[in-house]
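**Q** Quick one: the structure is below, questions incoming.
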Amino acid sequence: MLRVDRLVAGYDGGIALHEVSLEVATGSVQALVGRNGAGKSTLVHAIAGLLTPYAGTIELDGAQLAGLPPHKAARAGIGLVPQGRRVFPRLTVAEHLTLAETSARGRRRDGAWTVPRVLDLLPRLGERSRHRGDQLSGGEQQMLAIARALLTQPRVLLLDEPCEGLAPGLAARIRELVAELAGTGLTVLLVEQQLHHALQVADRVAVLEYGRLVYDHPADEVRVDLAPVEEMLSLGTDRPAAGGNSLSDGSTPAAAAGAGAEHPARPFPRR
Ligand SMILES: Nc1ncnc2c1ncn2[C@@H]1O[C@H](COP(=O)(O)OP(=O)(O)OP(=O)(O)O)[C@@H](O)[C@H]1O
């Protein structure tokens with residue numbers, strides 16, 4: 001269980017997350033949606049140790065993570081697939097995988113991810129093993145970013161908009177992959193812009209609005225009635241939170257995320 005409790009975080013003294021609390025059950029997929037600037041990446045970064053929170057706790061199976069540096073958060077079981085993939089342009093696929101495997105040496109447990117197991121899951125990476133990061137398509141880069149995170153032997157995978165900029169077919173494959181990974185017992189926090197995409201894979205859906213967690217319900221409830229969440233995500237329905245020292249002041253026009261799903265999406269079957 002990943003448990004975030006009353007987390008306050010931000011930048012240069014400004015607050016981007018206001019007492020956010022969230023519990024993600026082991027082996028489940030928690031979708032996190034919200035408009036641009038709502039604080040989704042900030043929450044992911046705080047969990048991954050890239051940002052030291054001002055207050056609050058982050059707990060994984062009883063171990064405290066808040067304030068740990070990234071390598072210690074990784075050692076504790078947090079795997080990050082960052083927004084934008086962040087693959088190294090000059091390193092080959094094989095070099096990325098070796099580097100990730102080496103960095104996690106000593107962290108092996110039963111059933112640990114190995115390069116052959118990762119390539120079995122993502123055979124395209126095997127075909128492209130001698131290609132450099134900058135020679136890969138967006139979808140291949142995303143698969144590499146996921147493979148790299150798996151090789152750090154995570155118990156929790158944080159995926160920050162993994163389908164951003166991908167063609168629909170590839171994006172669907174990535175969501176299928178997320179469902180497969182959760183089926184192996186991995187806990188997933190999935191940041192998604194599109195509600196109907198999140199619903200293809202999520203067990204629960206949480207909404208961040210101006211740095212506050214304003215909604216957290218089973219995905220099945222959302223599938224039955226999308227309107228409440230769509231309303232939270234749509235333009236012009238909300239306003240800056242009163243008081244506080246929010247960076248998320250809503251001054252920038254934000255794209256509506258998630259609105260417009262014609263049919264409630266169906267979840268992928270779990271293996
Ligand atoms: N490095 C930073 N320095 C200062 N402010 C930042 C920084 N990163 C994010 N912010 C601010 O913190 C708030 C939350 O941003 P964050 O990136 O977490 O939102 P998000 O929900 O992930 O948005 P998006 O969907 O656009 O990625 C915003 O007001 C943003 O401008």
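In the structure tokens, the first chain shown is A, the next is B, and so on; residue numbers restart at 1 for each chain, and ligands run from 1 in the order shown.
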Determine, using only C-alpha atoms and all ligand atoms, which residues of chain A have any atom at most 9 Å from an atom of ligand 1, and tabulate each with its shortest atom pair and distance in Å to one decimal place, rows ordered by chain and then rising number, as JSON lines.
**A**
{"residue": "A:Gly10", "atom": "CA", "partner": "ligand 1", "partner_atom_place_in_ligand_line": "12 (O)", "distance": 6.4}
{"residue": "A:Tyr11", "atom": "CA", "partner": "ligand 1", "partner_atom_place_in_ligand_line": "4 (C)", "distance": 4.9}
{"residue": "A:Asp12", "atom": "CA", "partner": "ligand 1", "partner_atom_place_in_ligand_line": "4 (C)", "distance": 7.0}
{"residue": "A:Gly14", "atom": "CA", "partner": "ligand 1", "partner_atom_place_in_ligand_line": "5 (N)", "distance": 7.8}
{"residue": "A:Ile15", "atom": "CA", "partner": "ligand 1", "partner_atom_place_in_ligand_line": "12 (O)", "distance": 7.6}
{"residue": "A:Ala16", "atom": "CA", "partner": "ligand 1", "partner_atom_place_in_ligand_line": "13 (C)", "distance": 4.9}
{"residue": "A:Leu17", "atom": "CA", "partner": "ligand 1", "partner_atom_place_in_ligand_line": "14 (C)", "distance": 7.6}
{"residue": "A:Val33", "atom": "CA", "partner": "ligand 1", "partner_atom_place_in_ligand_line": "21 (O)", "distance": 7.8}
{"residue": "A:Gly34", "atom": "CA", "partner": "ligand 1", "partner_atom_place_in_ligand_line": "21 (O)", "distance": 5.9}
{"residue": "A:Arg35", "atom": "CA", "partner": "ligand 1", "partner_atom_place_in_ligand_line": "25 (O)", "distance": 5.8}
{"residue": "A:Asn36", "atom": "CA", "partner": "ligand 1", "partner_atom_place_in_ligand_line": "26 (O)", "distance": 3.6}
{"residue": "A:Gly37", "atom": "CA", "partner": "ligand 1", "partner_atom_place_in_ligand_line": "19 (O)", "distance": 3.3}
{"residue": "A:Ala38", "atom": "CA", "partner": "ligand 1", "partner_atom_place_in_ligand_line": "21 (O)", "distance": 3.7}
{"residue": "A:Gly39", "atom": "CA", "partner": "ligand 1", "partner_atom_place_in_ligand_line": "18 (O)", "distance": 3.2}
{"residue": "A:Lys40", "atom": "CA", "partner": "ligand 1", "partner_atom_place_in_ligand_line": "21 (O)", "distance": 3.8}
{"residue": "A:Ser41", "atom": "CA", "partner": "ligand 1", "partner_atom_place_in_ligand_line": "22 (O)", "distance": 3.6}
{"residue": "A:Thr42", "atom": "CA", "partner": "ligand 1", "partner_atom_place_in_ligand_line": "18 (O)", "distance": 3.6}
{"residue": "A:Leu43", "atom": "CA", "partner": "ligand 1", "partner_atom_place_in_ligand_line": "18 (O)", "distance": 6.5}
{"residue": "A:Val44", "atom": "CA", "partner": "ligand 1", "partner_atom_place_in_ligand_line": "18 (O)", "distance": 8.0}
{"residue": "A:His45", "atom": "CA", "partner": "ligand 1", "partner_atom_place_in_ligand_line": "18 (O)", "distance": 8.2}
{"residue": "A:Gln83", "atom": "CA", "partner": "ligand 1", "partner_atom_place_in_ligand_line": "27 (O)", "distance": 7.7}
{"residue": "A:Asp160", "atom": "CA", "partner": "ligand 1", "partner_atom_place_in_ligand_line": "22 (O)", "distance": 8.0}
{"residue": "A:Glu161", "atom": "CA", "partner": "ligand 1", "partner_atom_place_in_ligand_line": "27 (O)", "distance": 7.9}
{"residue": "A:Val191", "atom": "CA", "partner": "ligand 1", "partner_atom_place_in_ligand_line": "22 (O)", "distance": 8.1}
{"residue": "A:Glu192", "atom": "CA", "partner": "ligand 1", "partner_atom_place_in_ligand_line": "25 (O)", "distance": 8.2}
{"residue": "A:Gln193", "atom": "CA", "partner": "ligand 1", "partner_atom_place_in_ligand_line": "25 (O)", "distance": 6.7}
{"residue": "A:Leu208", "atom": "CA", "partner": "ligand 1", "partner_atom_place_in_ligand_line": "21 (O)", "distance": 7.4}
{"residue": "A:Glu209", "atom": "CA", "partner": "ligand 1", "partner_atom_place_in_ligand_line": "21 (O)", "distance": 8.3}
{"residue": "A:Tyr210", "atom": "CA", "partner": "ligand 1", "partner_atom_place_in_ligand_line": "14 (C)", "distance": 7.7}
{"residue": "A:Gly211", "atom": "CA", "partner": "ligand 1", "partner_atom_place_in_ligand_line": "14 (C)", "distance": 6.9}
{"residue": "A:Ser246", "atom": "CA", "partner": "ligand 1", "partner_atom_place_in_ligand_line": "29 (O)", "distance": 7.4}
{"residue": "A:Leu247", "atom": "CA", "partner": "ligand 1", "partner_atom_place_in_ligand_line": "29 (O)", "distance": 4.3}
{"residue": "A:Ser248", "atom": "CA", "partner": "ligand 1", "partner_atom_place_in_ligand_line": "29 (O)", "distance": 3.7}
{"residue": "A:Asp249", "atom": "CA", "partner": "ligand 1", "partner_atom_place_in_ligand_line": "29 (O)", "distance": 6.8}
{"residue": "A:Gly250", "atom": "CA", "partner": "ligand 1", "partner_atom_place_in_ligand_line": "29 (O)", "distance": 7.9}
{"residue": "A:Ala254", "atom": "CA", "partner": "ligand 1", "partner_atom_place_in_ligand_line": "26 (O)", "distance": 8.2}
{"residue": "A:Ala257", "atom": "CA", "partner": "ligand 1", "partner_atom_place_in_ligand_line": "25 (O)", "distance": 8.9}
**Q** Quote the spacing between CA of Ala74 in chain A and CA of Val4 in chain A in Å to one decimal place.
**A**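 Atom-to-atom, CA of Ala74 in chain A and CA of Val4 in chain A are spaced 16.4 Å apart.
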**Q** Find the residue from A:His96, A:Leu91, A:Leu121, A:Glu164 that sits nearest to Thr184 in chain A; use only C-alpha atoms when measuring.
**A** A:Leu121
**Q** Please extract the residues of range 4-201 of chain A with a backbone DSSP assignment of alpha helix (DSSP H) and present them as a ChimeraX atom specification.
**A** /A:40-48,70-75,93-103,115-121,123-127,138-150,168-183,195-198
**Q** Pick from A:Met1, A:Leu7, A:Ala167, A:Leu189: nearest to Ala66 in chain A, with only C-alpha atoms counted?
**A**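 Among the listed residues, the smallest separation from Ala66 in chain A belongs to A:Leu7.
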**Q** Which is closer to Glu95 in chain A than all the others in A:Asp216, A:Val201, A:Gly67, A:Leu125, using only C-alpha atoms?
**A** A:Leu125
**Q** Taking the DSSP assignment computed from this structure's backbone, write out as a ChimeraX atom specification all residues of range 42-199 of chain A that belong to strand (DSSP E or B).
**A** /A:55-60,63-64,78-81,92,132,156-160,187-191
**Q** Kindly export the residues of the current selection with C-alpha atoms, as a PDB file, in the first residue's frame.
**A**
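Written output follows (selection_35.pdb):
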ATOM      1  CA  ALA A  55       4.944  18.672   5.260  1.00  0.00           C
ATOM      2  CA  GLY A  56       3.068  15.400   5.319  1.00  0.00           C
ATOM      3  CA  THR A  57       4.090  11.781   4.890  1.00  0.00           C
ATOM      4  CA  ILE A  58       4.598   9.274   2.091  1.00  0.00           C
ATOM      5  CA  GLU A  59       4.590   5.663   3.202  1.00  0.00           C
ATOM      6  CA  LEU A  60       5.175   2.472   1.235  1.00  0.00           C
ATOM      7  CA  ALA A  63       8.351   2.608   5.323  1.00  0.00           C
ATOM      8  CA  GLN A  64       8.566   6.399   5.330  1.00  0.00           C
ATOM      9  CA  ILE A  78       9.471   3.507  -6.255  1.00  0.00           C
ATOM     10  CA  GLY A  79       9.917   3.326 -10.039  1.00  0.00           C
ATOM     11  CA  LEU A  80       9.402   6.460 -12.099  1.00  0.00           C
ATOM     12  CA  VAL A  81       8.502   6.743 -15.764  1.00  0.00           C
ATOM     13  CA  THR A  92      21.519   2.508 -27.264  1.00  0.00           C
ATOM     14  CA  ARG A 132      20.207   4.965 -29.952  1.00  0.00           C
ATOM     15  CA  VAL A 156       5.169   1.018  -7.210  1.00  0.00           C
ATOM     16  CA  LEU A 157       5.335   2.370 -10.741  1.00  0.00           C
ATOM     17  CA  LEU A 158       4.673   6.083 -11.235  1.00  0.00           C
ATOM     18  CA  LEU A 159       3.732   6.789 -14.848  1.00  0.00           C
ATOM     19  CA  ASP A 160       3.515  10.473 -15.719  1.00  0.00           C
ATOM     20  CA  THR A 187       1.042  -0.926  -7.782  1.00  0.00           C
ATOM     21  CA  VAL A 188       0.520   1.792 -10.383  1.00  0.00           C
ATOM     22  CA  LEU A 189      -0.068   5.526 -10.111  1.00  0.00           C
ATOM     23  CA  LEU A 190      -1.013   6.667 -13.596  1.00  0.00           C
ATOM     24  CA  VAL A 191      -1.138  10.344 -14.477  1.00  0.00           C
TER      25      VAL A 191
END
**Q** What does the structure give for the distance between CA of Leu151 in chain A and CA of Arg124 in chain A, in Å to one decimal?
**A**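 Those two atoms sit 16.6 Å apart.
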**Q** List as a PyMOL selection string the protein and nucleic acid residues near Val24 in chain A, meaning an atom at most 7 Å away when only C-alpha atoms are counted, but skip any in the same chain fewer than 4 places from it.
**A** chain A and resi 1-3+28+30
**Q** Keeping N, CA and C atoms for every residue in the selection just given, could you write it to a file as a short mmCIF file (atom, residue, chain, number, x, y, z; two decimals), in the first residue's frame?
**A**
data_model
loop_
_atom_site.label_atom_id
_atom_site.label_comp_id
_atom_site.auth_asym_id
_atom_site.auth_seq_id
_atom_site.Cartn_x
_atom_site.Cartn_y
_atom_site.Cartn_z
N MET A 1 0.85 -1.21 0.00
CA MET A 1 0.00 0.00 0.00
C MET A 1 0.88 1.25 0.00
N LEU A 2 0.60 2.13 -0.95
CA LEU A 2 1.27 3.44 -0.96
C LEU A 2 0.32 4.43 -0.31
N ARG A 3 0.80 5.11 0.71
CA ARG A 3 -0.09 6.01 1.44
C ARG A 3 0.54 7.41 1.50
N SER A 28 -3.02 -2.34 -7.56
CA SER A 28 -4.12 -1.62 -8.22
C SER A 28 -3.57 -0.50 -9.09
N GLN A 30 -4.18 3.33 -9.84
CA GLN A 30 -4.82 4.57 -9.41
C GLN A 30 -4.56 5.61 -10.49
#
**Q** Rank nothing, just name the residue among A:Ala76, A:Leu150, A:Ala9, A:Ala31 nearest to Tyr54 in chain A, using only C-alpha atoms.
**A**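 Closest to Tyr54 in chain A, using only C-alpha atoms: A:Ala9.
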**Q** Give me the residues within 10 Å of Leu136 in chain A as a ChimeraX atom specification, counting only C-alpha atoms and dropping any in the same chain fewer than 4 places off.
**A** /A:87,89,92-93,125,128,131-132,140-142,144
